[in-house]
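**Q** Quick one: this structure, given as structure tokens, is what I'll be asking you about.
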Amino acid sequence: MSDARGFEMVIVSGERAKGRRVSVALCTYNGARYLKDQLDSIAAQTLPPHELVICDDRSTDDTAAIVQAFASHAPFPVRFSVNHANLGSTKNFEQAIQRCEGDLIALSDQDDVWRPRKLERMVSAFAASPEVGAVFSDGEVVDDRLRPLGYGLWEAAGFGPRRRERFEHGQAVEVLLKNNVVTGATLAFRRDFLKAILPIPAAWVHDSWIALLITAIGRVAIIDEPLVLYRHHSRQQIGVTRRAGSSGLAWVRSSLADVLMNINGYVVKGDEEYSMYADQYRLACERLAATLDPSDRGILSRCRAKADHFQARADMSHRRWMRFPMVMHELLGLRYHRYSSGYKSLARDLVRAVLFWTGSTRRASQVGMP
């Protein structure tokens, strides 16, 4: 059947688990190769979900058949819908989240595997404090055959012990403004926050948006345990890679060497990409301005500072005489370290400034790390 939002609906009812108010929001798109593993891992949870809501973005493979076969014997209701048009990942997740009826909403990718106690551990974290608005965990990164690759999601995101301590002791927003450390497949949040996070701007990745908004207006707890086997493979939309372990001066030298070896890539990625980041955070500022309590306006000012930082980086190519002063202004204001990749971003902008000064640039855009 169809609804006013342009969905074709297939609803397959299972036995509703009494007393369970956790909805799982899973989005699919041509994920047949790994989908059954993920569905089976959800069915194997020690604490079954209240429901599984699946939104498919017009897959052309066997995704629908796999979902319907699973729904026929699932121990909980499975609600499956197929979009009339391709929406993209962010808007597809928005649709799935809107359809969830549970008090807690856990996000799920189509190609991972959940450890059996994932939902149980997350529900316990919510139960431990009514102030917790969202919870996320670490995950073990594995290959397409679920073989460990030797590192976790937090390591890949640079979410080490020091940053975890900052996150848990009042500086969570600052951590997320540096870079997102929350992977959607490990995230669950209270339904109470739907008004604040929806709609999700198409310019954002859904998990980064949800994590930032809830962290700004509530409390986010972390579970220092890999509750997900995060599959790293060539067909995924957004993947993770292990970070280099060097630090200090050696890290600065390696960053500068990386820039010099990839000058074209770093030069051409300037204007449009940095403008895109600035626009993203201006959208976040607009939402926060409408949502935050007046006593929390310091969070809004930091979000605006991040938007201004990327706008300054985007404007560099248009203001020849101000390029080096602009770089020094961002450096002395510590904004490279607060909102970008520190010395690596500084090195990139210094190289860009030199090449802009000599006129050795061409206009283009290439998305990558800031």
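Identifiers for the structure tokens are assigned positionally: chains receive A, B, ... in sequence, residues are indexed from 1 per chain, and ligands are indexed from 1 in the order shown.
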Apply DSSP to the backbone of this structure and, from segment 148-188 of chain A, keep only the residues in strand (DSSP E or B); write these as a list in words.

**A**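 Those in segment 148-188 of chain A that DSSP calls strand (DSSP E or B) are Pro148, Leu149, Gly150, Tyr151, Gly152, Leu187 and Ala188 of chain A.
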
**Q** With segment 277-289 of chain A as the partner and 12 Å as the cut-off, tabulate the residues of segment 151-191 of chain A that qualify, each row holding the nearest pair of atoms and their distance in Å to one decimal, using only C-alpha atoms, sorted by chain and rising number, as a tab-separated table.

**A**
```
residue	atom	partner	partner_atom	distance
A:Leu176	CA	A:Tyr281	CA	11.8
A:Leu177	CA	A:Tyr281	CA	9.4
A:Asn179	CA	A:Tyr277	CA	11.7
```

**Q** Please measure the separation of atom CA of Ala96 of chain A and atom CA of Asn83 of chain A, giving the value in Å to one decimal.

**A**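 For atom CA of Ala96 of chain A relative to atom CA of Asn83 of chain A, the distance reads 10.7 Å.
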
**Q** I need the residue nearest Arg33 of chain A from this list: A:Phe159, A:Trp204, A:Asp111, A:Cys303. Use only C-alpha atoms for the distance.

**A**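 Going through A:Phe159, A:Trp204, A:Asp111, A:Cys303 one by one, the smallest distance to Arg33 of chain A is for A:Asp111.
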
**Q** Need the shell around Gly150 of chain A: protein/DNA/RNA residues with any atom at most 9 Å away, counting only C-alpha atoms. Skip same-chain ones fewer than 2 positions apart. Format as a PyMOL selection string?

**A** chain A and resi 140-142+148+152

**Q** Write out as a list in words the residues lying within 12 Å of Gly160 of chain A, counting only C-alpha atoms and excluding same-chain residues fewer than 6 positions away.

**A** Asp138, Gly152, Leu153, Trp154, Arg166, Phe167, Val175, Val181, Asp224, Arg243 and Gly245 of chain A

**Q** Near Ile197 of chain A, within 9 Å and counting only C-alpha atoms, which residues show up once chain neighbours fewer than 6 positions away are dropped, as a PyMOL selection string?

**A** chain A and resi 209-210+213-214+287

**Q** Could those residues be written to a file, using C-alpha atoms, as a compact mmCIF listing (two decimals), in the first residue's frame?

**A**
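result14.txt, freshly written:
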```txt
# COMPACT_ATOMS: atom_id res chain seq x y z
CA TRP A 209 23.94 15.41 12.65
CA ILE A 210 22.12 13.33 15.27
CA LEU A 213 22.38 17.88 18.05
CA ILE A 214 21.72 15.48 20.93
CA ARG A 287 18.74 24.38 14.47
```

**Q** Pick out the closest residue to Ser301 of chain A from this set: A:Asp40, A:Glu131, A:Glu174, A:Glu120. Count only C-alpha atoms.

**A**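 Closest to Ser301 of chain A of all the choices is A:Glu174.
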
**Q** Excluding segment 323-328 of chain A and any residue of its chain fewer than 5 positions from it, enumerate the residues within 12 Å of it, using only C-alpha atoms, and give them as a PyMOL selection string.

**A** chain A and resi 308-318+333-336+343+345-358

**Q** Just the selected residues (C-alpha atoms), exported as a CSV table (one decimal), in the first residue's frame, please.

**A**
```csv
chain,number,residue,atom,x,y,z
A,308,ASP,CA,33.5,30.8,10.4
A,309,HIS,CA,36.7,28.8,10.4
A,310,PHE,CA,35.8,26.8,7.3
A,311,GLN,CA,34.4,29.9,5.6
A,312,ALA,CA,37.8,31.6,6.2
A,313,ARG,CA,39.6,28.7,4.6
A,314,ALA,CA,37.2,28.8,1.7
A,315,ASP,CA,37.7,32.5,1.1
A,316,MET,CA,41.5,32.2,1.0
A,317,SER,CA,41.7,32.0,-2.8
A,318,HIS,CA,39.7,35.2,-3.3
A,333,GLY,CA,43.0,31.4,17.5
A,334,LEU,CA,43.6,27.6,17.8
A,335,ARG,CA,40.9,27.0,15.3
A,336,TYR,CA,43.0,24.6,13.2
A,343,TYR,CA,49.0,20.9,11.8
A,345,SER,CA,45.2,21.3,7.9
A,346,LEU,CA,47.7,24.2,8.7
A,347,ALA,CA,50.2,22.6,6.3
A,348,ARG,CA,47.6,22.3,3.6
A,349,ASP,CA,46.6,25.9,3.9
A,350,LEU,CA,50.2,27.1,3.9
A,351,VAL,CA,50.8,25.2,0.7
A,352,ARG,CA,47.6,26.5,-0.8
A,353,ALA,CA,48.5,30.1,0.2
A,354,VAL,CA,51.9,29.8,-1.5
A,355,LEU,CA,50.4,28.4,-4.7
A,356,PHE,CA,47.6,30.9,-4.7
A,357,TRP,CA,50.2,33.7,-4.4
A,358,THR,CA,52.2,32.4,-7.3
```

**Q** Counting only C-alpha atoms, what is within 7 Å of Ala134 of chain A, bar same-chain residues fewer than 4 positions away, as a count of residues only?

**A** 6
